[in-house]
>>> print(open('model_24.txt').read())   # compact mmCIF, C-alpha atoms
# COMPACT_ATOMS: atom_id res chain seq x y z
CA MET A 1 -19.23 -17.02 -69.71
CA ALA A 2 -18.26 -19.95 -67.50
CA ASN A 3 -14.65 -21.32 -67.76
CA GLN A 4 -14.27 -24.62 -69.72
CA ILE A 5 -11.29 -26.95 -70.36
CA SER A 6 -10.67 -27.65 -74.12
CA ALA A 7 -11.07 -31.28 -75.27
CA SER A 8 -9.77 -31.07 -78.86
CA GLY A 9 -7.26 -34.03 -78.65
CA SER A 10 -3.55 -34.03 -79.66
CA GLY A 11 -4.12 -33.90 -83.45
CA LEU A 12 -0.89 -35.81 -84.10
CA ASP A 13 -0.40 -37.68 -87.48
CA ILE A 14 1.45 -40.54 -85.82
CA PRO A 15 2.37 -42.56 -89.01
CA SER A 16 3.87 -39.51 -90.70
CA LEU A 17 5.70 -38.42 -87.59
CA VAL A 18 7.12 -41.93 -87.04
CA SER A 19 8.17 -42.19 -90.69
CA GLN A 20 10.01 -38.85 -90.55
CA LEU A 21 11.80 -39.70 -87.32
CA VAL A 22 12.85 -43.16 -88.59
CA GLN A 23 14.06 -41.73 -91.90
CA ALA A 24 16.09 -39.08 -90.11
CA THR A 25 17.78 -41.81 -88.09
CA ARG A 26 18.24 -44.12 -91.12
CA THR A 27 19.63 -41.64 -93.66
CA PRO A 28 23.22 -41.14 -92.38
CA THR A 29 23.91 -44.88 -92.05
CA GLU A 30 22.16 -45.77 -95.31
CA THR A 31 24.09 -43.06 -97.16
CA ARG A 32 27.39 -44.35 -95.79
CA ILE A 33 26.59 -47.96 -96.80
CA ASN A 34 25.36 -47.00 -100.27
CA SER A 35 28.42 -44.83 -100.89
CA ALA A 36 30.71 -47.67 -99.85
CA GLY A 37 28.71 -50.05 -102.04
CA SER A 38 28.95 -47.79 -105.07
CA ALA A 39 32.70 -47.45 -104.63
CA ALA A 40 33.11 -51.23 -104.23
CA THR A 41 30.96 -51.92 -107.30
CA ALA A 42 33.01 -49.47 -109.33
CA LYS A 43 36.23 -51.18 -108.21
CA LEU A 44 34.78 -54.59 -109.04
CA SER A 45 33.90 -53.40 -112.55
CA ALA A 46 37.35 -51.88 -113.03
CA ILE A 47 39.09 -55.05 -111.82
CA GLY A 48 36.90 -57.00 -114.23
CA GLN A 49 38.05 -54.78 -117.12
CA VAL A 50 41.69 -55.28 -116.17
CA LYS A 51 41.23 -59.02 -115.82
CA SER A 52 39.48 -59.26 -119.20
CA ALA A 53 42.23 -57.30 -120.95
CA MET A 54 44.97 -59.37 -119.33
CA THR A 55 43.19 -62.62 -120.19
CA SER A 56 43.14 -61.53 -123.83
CA LEU A 57 46.85 -60.73 -123.55
CA GLN A 58 47.51 -64.18 -122.11
CA SER A 59 45.67 -65.82 -125.01
CA ALA A 60 47.58 -63.72 -127.55
CA LEU A 61 50.87 -64.58 -125.83
CA GLU A 62 50.12 -68.31 -125.99
CA LYS A 63 49.41 -68.11 -129.72
CA MET A 64 52.57 -66.09 -130.30
CA ALA A 65 54.65 -68.60 -128.30
CA SER A 66 53.18 -71.55 -130.20
CA ALA A 67 53.93 -69.89 -133.53
CA ALA A 68 57.49 -69.11 -132.43
CA ASP A 69 58.13 -72.64 -131.14
CA ALA A 70 56.71 -74.35 -134.24
CA PRO A 71 58.07 -72.64 -137.38
CA SER A 72 55.86 -72.63 -140.47
CA TYR A 73 56.96 -73.53 -143.96
CA LYS A 74 55.29 -73.12 -147.31
CA THR A 75 55.55 -75.47 -150.28
CA THR A 76 55.65 -74.50 -153.93
CA VAL A 77 54.87 -77.11 -156.56
CA GLY A 78 54.82 -76.55 -160.31
CA THR A 79 51.62 -76.95 -162.35
CA GLY A 80 51.08 -80.53 -163.55
CA ALA A 81 53.68 -81.98 -161.19
CA GLY A 82 51.39 -84.89 -160.32
CA TYR A 83 51.58 -84.35 -156.57
CA ALA A 84 50.70 -81.91 -153.80
CA ALA A 85 52.83 -81.19 -150.75
CA SER A 86 52.23 -79.96 -147.20
CA ALA A 87 55.00 -79.09 -144.74
CA SER A 88 55.12 -79.45 -140.95
CA SER A 89 57.30 -77.53 -138.49
CA LYS A 90 59.98 -80.21 -138.99
CA ALA A 91 60.50 -79.39 -142.67
CA VAL A 92 63.90 -78.38 -144.00
CA PRO A 93 64.00 -75.45 -146.45
CA GLY A 94 65.40 -76.23 -149.88
CA ASP A 95 64.62 -77.52 -153.39
CA TYR A 96 63.81 -81.17 -154.09
CA SER A 97 63.42 -83.04 -157.39
CA VAL A 98 60.30 -85.23 -157.30
CA GLU A 99 59.28 -87.83 -159.88
CA VAL A 100 55.98 -89.70 -159.57
CA VAL A 101 56.73 -93.02 -161.26
CA ARG A 102 53.57 -94.92 -160.31
CA LEU A 103 50.40 -94.39 -158.33
CA ALA A 104 49.07 -96.83 -155.77
CA THR A 105 45.95 -98.56 -157.08
CA ALA A 106 43.28 -100.75 -155.51
CA GLN A 107 42.61 -104.11 -157.15
CA LYS A 108 39.36 -104.79 -159.00
CA LEU A 109 38.10 -108.22 -160.04
CA SER A 110 35.18 -108.82 -162.41
CA SER A 111 33.07 -111.87 -163.11
CA ALA A 112 31.99 -113.07 -166.54
CA ALA A 113 28.70 -111.73 -167.90
CA TYR A 114 25.44 -113.16 -166.58
CA ALA A 115 21.90 -112.68 -167.77
CA LYS A 116 19.87 -110.33 -165.59
CA ASP A 117 18.71 -112.00 -162.37
CA ALA A 118 20.37 -115.27 -163.34
CA THR A 119 21.00 -117.80 -160.57
CA VAL A 120 24.73 -118.15 -159.91
CA GLY A 121 25.15 -120.84 -157.28
CA SER A 122 25.17 -121.56 -153.54
CA GLY A 123 27.76 -122.28 -150.87
CA SER A 124 30.32 -120.06 -149.14
CA LEU A 125 32.77 -117.44 -150.37
CA ARG A 126 35.93 -116.64 -148.41
CA ILE A 127 37.46 -113.26 -149.23
CA ALA A 128 40.89 -112.43 -147.80
CA TRP A 129 42.90 -109.21 -148.24
CA GLY A 130 45.88 -109.59 -145.90
CA ALA A 131 47.86 -111.88 -143.66
CA GLY A 132 46.09 -111.03 -140.40
CA ALA A 133 43.49 -113.22 -138.75
CA ASP A 134 40.91 -110.45 -139.13
CA ASP A 135 41.79 -109.72 -142.75
CA ALA A 136 39.20 -112.11 -144.19
CA VAL A 137 35.46 -112.65 -144.23
CA ASP A 138 33.28 -115.71 -144.91
CA VAL A 139 30.05 -115.07 -146.79
CA ALA A 140 27.23 -117.63 -146.85
CA ILE A 141 25.35 -117.70 -150.18
CA GLY A 142 21.93 -119.32 -150.24
CA ALA A 143 20.26 -121.23 -153.04
CA ASN A 144 18.97 -119.33 -156.07
CA ALA A 145 21.17 -116.30 -155.25
CA THR A 146 21.60 -113.73 -158.03
CA LEU A 147 24.59 -111.43 -158.49
CA ALA A 148 22.69 -108.68 -156.64
CA ASP A 149 22.01 -111.07 -153.75
CA ILE A 150 25.69 -112.05 -153.58
CA ALA A 151 26.86 -108.42 -153.67
CA SER A 152 24.52 -107.53 -150.81
CA ALA A 153 25.68 -110.52 -148.76
CA VAL A 154 29.36 -109.60 -149.27
CA ASN A 155 28.83 -105.97 -148.28
CA ARG A 156 26.88 -106.94 -145.15
CA ALA A 157 29.54 -109.38 -144.06
CA ALA A 158 32.54 -107.12 -144.80
CA GLY A 159 30.99 -103.89 -143.47
CA GLY A 160 33.22 -101.82 -145.75
CA LYS A 161 36.39 -103.45 -144.46
CA GLY A 162 38.74 -104.98 -147.02
CA VAL A 163 36.31 -105.37 -149.90
CA THR A 164 33.15 -104.02 -151.48
CA ALA A 165 31.01 -105.65 -154.15
CA SER A 166 28.77 -104.17 -156.80
CA VAL A 167 26.84 -105.25 -159.90
CA VAL A 168 27.68 -103.52 -163.17
CA THR A 169 25.29 -103.90 -166.11
CA ALA A 170 27.09 -103.75 -169.46
CA ASP A 171 26.04 -104.52 -173.05
CA ASP A 172 26.97 -108.16 -172.63
CA GLY A 173 25.09 -108.60 -169.35
CA GLN A 174 25.63 -108.23 -165.60
CA HIS A 175 29.07 -108.47 -163.93
CA LEU A 176 29.86 -108.85 -160.25
CA VAL A 177 32.80 -106.56 -159.40
CA PHE A 178 34.91 -106.97 -156.26
CA SER A 179 36.88 -103.84 -155.27
CA ALA A 180 39.69 -103.89 -152.72
CA ALA A 181 39.11 -101.29 -150.02
CA SER A 182 42.82 -100.45 -149.75
CA THR A 183 45.34 -99.46 -152.37
CA GLY A 184 48.62 -101.27 -152.81
CA SER A 185 49.69 -104.88 -153.16
CA GLY A 186 48.93 -105.52 -149.51
CA GLY A 187 45.23 -104.98 -150.17
CA ALA A 188 44.98 -107.53 -153.03
CA LEU A 189 42.02 -109.90 -152.77
CA ALA A 190 42.12 -113.68 -152.61
CA ILE A 191 38.65 -115.18 -153.18
CA SER A 192 37.82 -118.87 -152.80
CA ALA A 193 34.61 -120.93 -152.69
CA SER A 194 33.50 -123.99 -150.78
CA GLY A 195 30.40 -126.18 -150.41
CA GLY A 196 27.14 -125.71 -152.23
CA ASP A 197 26.50 -126.63 -155.84
CA GLY A 198 29.92 -125.47 -157.17
CA GLY A 199 28.55 -122.49 -159.06
CA LEU A 200 30.46 -120.02 -156.88
CA VAL A 201 33.81 -121.17 -158.30
CA ALA A 202 33.12 -118.75 -161.15
CA LEU A 203 33.38 -115.95 -158.57
CA THR A 204 36.90 -116.86 -157.38
CA ASN A 205 40.36 -115.84 -158.57
CA GLY A 206 42.33 -118.92 -157.57
CA ALA A 207 43.16 -121.89 -159.79
CA GLY A 208 40.21 -122.57 -162.06
CA GLY A 209 38.43 -119.40 -160.90
CA GLY A 210 36.39 -117.26 -163.25
CA LEU A 211 37.21 -113.74 -162.06
CA THR A 212 39.21 -111.42 -164.30
CA GLN A 213 41.51 -108.73 -162.86
CA THR A 214 40.50 -105.41 -164.40
CA VAL A 215 42.72 -103.24 -162.19
CA ALA A 216 45.88 -104.64 -160.64
CA ALA A 217 46.85 -103.91 -157.03
CA ALA A 218 49.99 -101.78 -157.18
CA ASP A 219 52.17 -99.83 -154.77
CA ALA A 220 53.02 -96.23 -155.45
CA LEU A 221 56.58 -95.46 -156.51
CA VAL A 222 58.14 -92.00 -156.20
CA ARG A 223 61.70 -90.75 -156.55
CA VAL A 224 63.05 -87.73 -154.67
CA ASP A 225 66.54 -86.59 -155.61
CA GLY A 226 67.14 -90.12 -156.92
CA PHE A 227 65.94 -91.89 -153.75
CA GLU A 228 63.02 -94.28 -154.30
CA ARG A 229 60.09 -95.00 -152.00
CA THR A 230 57.29 -97.49 -152.52
CA SER A 231 54.05 -97.09 -150.61
CA SER A 232 50.71 -98.83 -150.45
CA SER A 233 49.15 -95.37 -150.16
CA ASN A 234 49.33 -92.32 -152.41
CA THR A 235 50.25 -90.22 -149.38
CA ILE A 236 53.93 -90.51 -148.50
CA ALA A 237 55.40 -88.98 -145.36
CA ASP A 238 58.98 -87.88 -144.64
CA LEU A 239 60.64 -88.92 -147.88
CA VAL A 240 61.14 -85.18 -148.02
CA PRO A 241 61.89 -84.26 -144.36
CA GLY A 242 58.81 -82.90 -142.60
CA VAL A 243 56.70 -83.02 -145.78
CA ASP A 244 53.69 -85.12 -146.81
CA LEU A 245 53.45 -85.83 -150.54
CA THR A 246 50.02 -86.62 -151.97
CA LEU A 247 50.41 -88.29 -155.36
CA THR A 248 47.77 -87.49 -157.96
CA LYS A 249 49.21 -88.45 -161.36
CA ALA A 250 52.02 -90.67 -162.55
CA ALA A 251 54.59 -89.10 -164.90
CA PRO A 252 57.51 -91.55 -165.14
CA GLY A 253 60.68 -90.00 -166.45
CA THR A 254 59.59 -86.43 -165.59
CA SER A 255 60.76 -84.60 -162.48
CA HIS A 256 59.27 -81.48 -160.94
CA THR A 257 60.85 -79.20 -158.35
CA LEU A 258 59.41 -78.95 -154.85
CA ASN A 259 60.47 -75.80 -153.01
CA ILE A 260 60.29 -75.56 -149.22
CA ALA A 261 60.70 -72.11 -147.71
CA SER A 262 60.13 -70.47 -144.33
CA ASP A 263 56.72 -68.87 -143.90
CA ASN A 264 56.61 -66.25 -141.15
CA ALA A 265 53.11 -64.97 -141.95
CA ASN A 266 51.45 -66.79 -139.02
CA LEU A 267 54.12 -65.70 -136.55
CA LYS A 268 53.99 -62.08 -137.68
CA ALA A 269 50.20 -62.09 -137.39
CA ALA A 270 50.51 -63.56 -133.87
CA ILE A 271 53.03 -60.89 -132.84
CA GLY A 272 50.76 -58.18 -134.23
CA ALA A 273 47.81 -59.57 -132.26
CA TYR A 274 49.95 -59.66 -129.11
CA VAL A 275 50.95 -56.01 -129.59
CA THR A 276 47.28 -55.05 -129.91
CA ALA A 277 46.39 -56.97 -126.74
CA TYR A 278 49.35 -55.45 -124.87
CA ASN A 279 48.26 -51.91 -125.75
CA SER A 280 44.73 -52.76 -124.63
CA VAL A 281 46.05 -53.78 -121.20
CA VAL A 282 48.14 -50.60 -120.92
CA GLY A 283 45.13 -48.48 -121.89
CA THR A 284 42.82 -50.26 -119.46
CA LEU A 285 45.25 -49.92 -116.56
CA LYS A 286 45.59 -46.21 -117.29
CA SER A 287 41.88 -45.47 -117.69
CA THR A 288 40.86 -47.33 -114.52
CA SER A 289 43.48 -45.61 -112.33
CA SER A 290 43.78 -42.10 -113.79
CA TYR A 291 43.09 -38.87 -111.89
CA ASN A 292 41.58 -35.80 -113.54
CA SER A 293 43.29 -32.84 -111.89
CA THR A 294 41.01 -30.36 -113.63
CA THR A 295 37.79 -31.83 -112.29
CA ARG A 296 39.52 -33.38 -109.28
CA THR A 297 37.89 -36.67 -110.14
CA ALA A 298 39.51 -40.00 -109.31
CA SER A 299 38.93 -43.25 -111.18
CA ALA A 300 37.84 -46.45 -109.46
CA LEU A 301 41.42 -47.70 -109.02
CA THR A 302 43.30 -44.43 -108.59
CA GLY A 303 46.27 -45.08 -106.33
CA ASP A 304 45.61 -48.83 -106.29
CA SER A 305 48.80 -50.77 -105.52
CA LEU A 306 47.81 -53.75 -107.68
CA VAL A 307 47.50 -51.56 -110.77
CA ARG A 308 50.87 -49.95 -110.10
CA THR A 309 52.43 -53.39 -109.66
CA VAL A 310 51.11 -54.71 -112.98
CA GLN A 311 52.18 -51.56 -114.82
CA GLN A 312 55.67 -51.79 -113.37
CA GLN A 313 56.02 -55.50 -114.14
CA LEU A 314 55.02 -55.05 -117.78
CA ARG A 315 57.49 -52.18 -118.17
CA GLU A 316 60.27 -54.22 -116.59
CA GLN A 317 59.82 -57.09 -119.02
CA VAL A 318 60.15 -54.70 -121.95
CA SER A 319 63.05 -52.71 -120.53
CA GLY A 320 64.92 -55.89 -119.64
CA ASN A 321 64.78 -57.07 -123.26
CA VAL A 322 64.57 -53.73 -125.05
CA LEU A 323 67.42 -54.29 -127.52
CA ALA A 324 66.45 -57.85 -128.43
CA LEU A 325 62.82 -56.83 -128.90
CA LYS A 326 63.80 -53.86 -131.03
CA ASP A 327 65.93 -56.11 -133.21
CA LEU A 328 62.78 -58.18 -133.87
CA GLY A 329 60.75 -55.06 -134.68
CA VAL A 330 59.00 -54.63 -131.32
CA THR A 331 59.34 -51.26 -129.58
CA VAL A 332 57.53 -49.39 -126.80
CA SER A 333 57.08 -45.61 -126.73
CA LYS A 334 57.54 -43.37 -123.69
CA GLU A 335 53.77 -43.49 -123.24
CA GLY A 336 53.94 -47.29 -123.00
CA VAL A 337 52.42 -47.99 -126.43
CA MET A 338 53.92 -51.04 -128.15
CA SER A 339 54.42 -51.23 -131.94
CA PHE A 340 55.64 -53.87 -134.40
CA ASP A 341 57.71 -53.38 -137.55
CA ALA A 342 57.30 -56.46 -139.77
CA THR A 343 60.17 -55.42 -142.07
CA SER A 344 62.66 -55.34 -139.22
CA PHE A 345 61.35 -58.70 -138.06
CA ASP A 346 61.86 -60.28 -141.51
CA GLN A 347 65.42 -58.98 -141.65
CA ALA A 348 66.24 -60.33 -138.19
CA ILE A 349 64.77 -63.77 -138.92
CA ALA A 350 66.57 -63.98 -142.26
CA ALA A 351 69.86 -63.43 -140.43
CA ASP A 352 69.05 -65.75 -137.51
CA PRO A 353 65.90 -67.97 -137.79
CA GLY A 354 66.14 -68.97 -134.12
CA LYS A 355 65.75 -65.46 -132.73
CA ALA A 356 61.96 -65.52 -132.62
CA GLN A 357 61.80 -68.72 -130.58
CA ALA A 358 64.54 -67.53 -128.23
CA MET A 359 62.60 -64.36 -127.50
CA PHE A 360 58.87 -65.21 -127.95
CA GLY A 361 58.72 -68.98 -127.39
CA LYS A 362 57.20 -70.60 -124.30
CA GLU A 363 60.68 -70.77 -122.81
CA GLY A 364 61.80 -67.52 -124.45
CA LEU A 365 63.39 -64.65 -122.57
CA TYR A 366 60.39 -62.40 -123.04
CA GLY A 367 57.58 -64.88 -123.74
CA GLY A 368 58.36 -67.13 -120.77
CA ALA A 369 58.71 -64.24 -118.33
CA VAL A 370 55.47 -62.55 -119.39
CA ALA A 371 53.64 -65.89 -119.25
CA SER A 372 54.76 -66.30 -115.62
CA LEU A 373 53.74 -62.72 -114.83
CA LEU A 374 50.25 -63.19 -116.28
CA ASP A 375 49.77 -66.49 -114.49
CA GLN A 376 50.66 -64.77 -111.22
CA HIS A 377 47.72 -62.42 -111.70
CA LEU A 378 45.24 -64.66 -113.55
CA ASP A 379 45.60 -68.05 -111.85
CA SER A 380 42.09 -69.28 -111.05
CA ILE A 381 42.99 -70.03 -107.43
CA SER A 382 45.86 -67.81 -106.30
CA GLY A 383 45.88 -65.06 -108.96
CA THR A 384 45.97 -61.55 -107.50
CA LEU A 385 43.08 -60.40 -109.68
CA VAL A 386 41.00 -63.39 -108.64
CA LEU A 387 41.75 -62.80 -104.96
CA ARG A 388 40.96 -59.09 -105.31
CA THR A 389 37.65 -59.90 -106.99
CA GLU A 390 36.75 -62.29 -104.17
CA SER A 391 37.67 -59.67 -101.58
CA ILE A 392 35.49 -56.98 -103.18
CA ASN A 393 32.59 -59.40 -103.54
CA LYS A 394 32.86 -60.19 -99.83
CA GLN A 395 32.87 -56.46 -99.07
CA ILE A 396 29.74 -55.94 -101.17
CA SER A 397 28.07 -58.91 -99.49
CA GLY A 398 28.95 -57.44 -96.09
CA LEU A 399 27.41 -54.09 -97.04
CA GLU A 400 24.26 -55.86 -98.21
CA ASP A 401 24.09 -57.57 -94.82
CA GLU A 402 24.47 -54.16 -93.14
CA LEU A 403 21.50 -52.87 -95.11
CA ASP A 404 19.47 -55.90 -94.07
CA ARG A 405 20.38 -55.29 -90.41
CA LEU A 406 19.55 -51.61 -90.81
CA ASP A 407 16.11 -52.52 -92.16
CA VAL A 408 15.47 -54.71 -89.13
CA LYS A 409 16.73 -52.02 -86.74
CA MET A 410 14.57 -49.32 -88.36
CA GLU A 411 11.54 -51.58 -88.29
CA ARG A 412 12.01 -52.04 -84.57
CA LEU A 413 12.56 -48.29 -84.08
CA SER A 414 9.36 -47.60 -86.02
CA GLU A 415 7.46 -49.98 -83.76
CA GLN A 416 9.00 -48.31 -80.70
CA TYR A 417 8.05 -44.80 -81.84
CA THR A 418 4.57 -45.96 -82.78
CA ARG A 419 4.04 -47.48 -79.30
CA GLN A 420 5.31 -44.33 -77.59
CA PHE A 421 3.19 -41.91 -79.59
CA THR A 422 0.17 -44.17 -79.36
CA ALA A 423 0.56 -44.26 -75.56
CA MET A 424 0.89 -40.49 -75.48
CA GLU A 425 -2.23 -40.11 -77.64
CA THR A 426 -4.12 -42.46 -75.36
CA MET A 427 -3.08 -40.45 -72.31
CA ILE A 428 -4.14 -37.19 -73.97
CA VAL A 429 -7.52 -38.62 -74.87
CA GLN A 430 -7.98 -39.81 -71.29
CA MET A 431 -7.07 -36.35 -69.99
CA GLN A 432 -9.52 -34.79 -72.44
CA SER A 433 -12.24 -37.11 -71.18
CA SER A 434 -11.53 -36.06 -67.59
CA ALA A 435 -11.57 -32.41 -68.61
CA SER A 436 -14.94 -32.89 -70.30
CA SER A 437 -16.39 -34.37 -67.12
CA LEU A 438 -15.01 -31.48 -65.06
CA ASN A 439 -16.55 -28.95 -67.44
CA SER A 440 -19.90 -30.62 -67.05
CA LEU A 441 -19.70 -30.36 -63.26
CA LEU A 442 -18.71 -26.70 -63.44
CA ALA A 443 -21.64 -25.99 -65.71
CA GLN A 444 -24.10 -27.61 -63.27
CA SER A 445 -22.76 -25.58 -60.36
CA GLU A 446 -23.53 -22.22 -61.90
>>> encode(input="model_24.txt", output="structure tokens")
Amino acid sequence: MANQISASGSGLDIPSLVSQLVQATRTPTETRINSAGSAATAKLSAIGQVKSAMTSLQSALEKMASAADAPSYKTTVGTGAGYAASASSKAVPGDYSVEVVRLATAQKLSSAAYAKDATVGSGSLRIAWGAGADDAVDVAIGANATLADIASAVNRAAGGKGVTASVVTADDGQHLVFSAASTGSGGALAISASGGDGGLVALTNGAGGGLTQTVAAADALVRVDGFERTSSSNTIADLVPGVDLTLTKAAPGTSHTLNIASDNANLKAAIGAYVTAYNSVVGTLKSTSSYNSTTRTASALTGDSLVRTVQQQLREQVSGNVLALKDLGVTVSKEGVMSFDATSFDQAIAADPGKAQAMFGKEGLYGGAVASLLDQHLDSISGTLVLRTESINKQISGLEDELDRLDVKMERLSEQYTRQFTAMETMIVQMQSSASSLNSLLAQSE
């Protein structure tokens, strides 16, 4: 048989070959970037947990400080005393004898009876209820006005200020009733008429007027430990120091005891909430930085200097005030767990009411120092946790940029390999074509 040169082609699967070569080049770099990204993401999550726990601690501290700086008091009033009482942080504990002599009342004036829809008169009504320039209103009354028309005109003009008017239908007919908007003698109404046909004089309370006073304007009168106070309102402030009295029923000649006592319930609840938040921070710092020696597994923040700093600072604030805190019922175990004994707290406050503020207040030895510590880490601009979060986010962004650059580089490498293998394939095909021609010549020469 004559000799022939084979012309079978290269048989290369260029896309698959290029893909394998590119992937082999890409994998080490991509693995490094992804590993760094996973570690950074884990740190970011852990820092977020720490920040969240410390933010909750900051909120709990603020509530505890506010409760310590503004003592609470509770009031006790006997049944049927004729008044209610509420105490502010300025109250003074003790017993007070309170007698409600008179309630403040708002004046009411009533007209004589008129037949339903009877015409009263026309002109102008001037209604005054004080000495100020704005404490009066002029109401124009048209011809053929009924009591209902006059009441509507008064209410539109006054807008609820100083006086209201209404029509009451009784057995003897309709009455126009003017009601002072404010209690006390200062809110008493002075109603006069002018112009028109003179019929409106019947709706005035001056000389020759026809209005009858059904309820007199009166100031409240209350006695506390023999001291009297009059008031245009039935709410009286600071006759009892730091206490608002709301009068509900007059009982002249009868006194009832008002007891003011310290109420530490809110402060104790605030301290308990702070203790819970503190333990949450301690637990979060531990869980995000622990190392499992059995599995040889590190946490996201194992060995992190920021975590160690926060842990040390929290311990220092406790150790620096350990005796004073213990006296107020707050202790920390060897494991760093804080606890609160309400009974010990009550005993300490009973002996010295100012201890809580001195320790837990905004300027307190412990409260002020911890507030400064938390602000150092949580400040929205310069806080260490905020800066660390920004740093990690920049790192993650940089790794994402690396992946983008790697994609571009691998795309170019793929194009390069494809050109090279395509050129090689073209050359092989050309050589095969030449070989085929040579075989044909050899065959003809036999």
>>> closest_residue(input="model_24.txt", among="A:Gly123, A:Gly253, A:Gly303, A:Gly361", to="Ala270 in chain A", atoms="all atoms listed in the file")
A:Gly361
>>> closest_residue(input="model_24.txt", among="A:Ser124, A:Gln174, A:Ser262, A:Ser97", to="Val222 in chain A", atoms="only C-alpha atoms")
A:Ser97
>>> closest_atom_pairs(input="model_24.txt", of="range 7-105 of chain A", to="range 231-237 of chain A", cutoff="10 Å", atoms="all atoms listed in the file", output="JSON lines")
{"residue": "A:Tyr83", "atom": "CA", "partner": "A:Asn234", "partner_atom": "CA", "distance": 9.3}
{"residue": "A:Ala84", "atom": "CA", "partner": "A:Thr235", "partner_atom": "CA", "distance": 9.4}
{"residue": "A:Ala85", "atom": "CA", "partner": "A:Thr235", "partner_atom": "CA", "distance": 9.5}
{"residue": "A:Ser86", "atom": "CA", "partner": "A:Ala237", "partner_atom": "CA", "distance": 9.7}
{"residue": "A:Ala87", "atom": "CA", "partner": "A:Ala237", "partner_atom": "CA", "distance": 9.9}
{"residue": "A:Arg102", "atom": "CA", "partner": "A:Asn234", "partner_atom": "CA", "distance": 9.3}
{"residue": "A:Leu103", "atom": "CA", "partner": "A:Asn234", "partner_atom": "CA", "distance": 6.4}
{"residue": "A:Ala104", "atom": "CA", "partner": "A:Asn234", "partner_atom": "CA", "distance": 5.6}
{"residue": "A:Thr105", "atom": "CA", "partner": "A:Ser232", "partner_atom": "CA", "distance": 8.2}
>>> write_last_selection(input="model_24.txt", atoms="C-alpha atoms", output="PDB file, in the frame of the given file")
ATOM      1  CA  TYR A  83      51.580 -84.350-156.570  1.00  0.00           C
ATOM      2  CA  ALA A  84      50.700 -81.910-153.800  1.00  0.00           C
ATOM      3  CA  ALA A  85      52.830 -81.190-150.750  1.00  0.00           C
ATOM      4  CA  SER A  86      52.230 -79.960-147.200  1.00  0.00           C
ATOM      5  CA  ALA A  87      55.000 -79.090-144.740  1.00  0.00           C
ATOM      6  CA  ARG A 102      53.570 -94.920-160.310  1.00  0.00           C
ATOM      7  CA  LEU A 103      50.400 -94.390-158.330  1.00  0.00           C
ATOM      8  CA  ALA A 104      49.070 -96.830-155.770  1.00  0.00           C
ATOM      9  CA  THR A 105      45.950 -98.560-157.080  1.00  0.00           C
TER      10      THR A 105
END
>>> atom_distance(input="model_24.txt", atom1="CA of Lys249 in chain A", atom2="CA of Leu109 in chain A")
22.7 Å
>>> closest_residue(input="model_24.txt", among="A:Ala300, A:Tyr96, A:Ile381, A:Asp149", to="Leu239 in chain A", atoms="only C-alpha atoms")
A:Tyr96
>>> atom_distance(input="model_24.txt", atom1="CA of Asp197 in chain A", atom2="CA of Asp138 in chain A")
16.9 Å
>>> residues_near_point(input="model_24.txt", point="(39.6, -47.7, -105.3)", cutoff="9 Å", atoms="all atoms listed in the file", output="PyMOL selection string")
chain A and resi 39-40+42-43+289+298-304
>>> build_atoms(input="model_24.txt", residues="range 188-197 of chain A", atoms="N, CA and C atoms", output="PDB file, in the coordinates of the input")
ATOM      1  N   ALA A 188      45.467-106.641-151.971  1.00  0.00           N
ATOM      2  CA  ALA A 188      44.980-107.530-153.030  1.00  0.00           C
ATOM      3  C   ALA A 188      44.063-108.596-152.455  1.00  0.00           C
ATOM      4  N   LEU A 189      43.037-108.967-153.217  1.00  0.00           N
ATOM      5  CA  LEU A 189      42.020-109.900-152.770  1.00  0.00           C
ATOM      6  C   LEU A 189      42.339-111.329-153.186  1.00  0.00           C
ATOM      7  N   ALA A 190      42.043-112.253-152.298  1.00  0.00           N
ATOM      8  CA  ALA A 190      42.120-113.680-152.610  1.00  0.00           C
ATOM      9  C   ALA A 190      40.758-114.274-152.297  1.00  0.00           C
ATOM     10  N   ILE A 191      40.034-114.732-153.344  1.00  0.00           N
ATOM     11  CA  ILE A 191      38.650-115.180-153.180  1.00  0.00           C
ATOM     12  C   ILE A 191      38.564-116.658-153.524  1.00  0.00           C
ATOM     13  N   SER A 192      38.002-117.434-152.599  1.00  0.00           N
ATOM     14  CA  SER A 192      37.820-118.870-152.800  1.00  0.00           C
ATOM     15  C   SER A 192      36.395-119.259-152.435  1.00  0.00           C
ATOM     16  N   ALA A 193      35.968-120.449-152.930  1.00  0.00           N
ATOM     17  CA  ALA A 193      34.610-120.930-152.690  1.00  0.00           C
ATOM     18  C   ALA A 193      34.652-122.332-152.093  1.00  0.00           C
ATOM     19  N   SER A 194      33.607-122.646-151.347  1.00  0.00           N
ATOM     20  CA  SER A 194      33.500-123.990-150.780  1.00  0.00           C
ATOM     21  C   SER A 194      32.028-124.341-150.614  1.00  0.00           C
ATOM     22  N   GLY A 195      31.755-125.693-150.641  1.00  0.00           N
ATOM     23  CA  GLY A 195      30.400-126.180-150.410  1.00  0.00           C
ATOM     24  C   GLY A 195      29.442-125.811-151.528  1.00  0.00           C
ATOM     25  N   GLY A 196      28.178-126.080-151.290  1.00  0.00           N
ATOM     26  CA  GLY A 196      27.140-125.710-152.230  1.00  0.00           C
ATOM     27  C   GLY A 196      27.176-126.536-153.514  1.00  0.00           C
ATOM     28  N   ASP A 197      26.650-125.930-154.565  1.00  0.00           N
ATOM     29  CA  ASP A 197      26.500-126.630-155.840  1.00  0.00           C
ATOM     30  C   ASP A 197      27.673-126.408-156.787  1.00  0.00           C
TER      31      ASP A 197
END
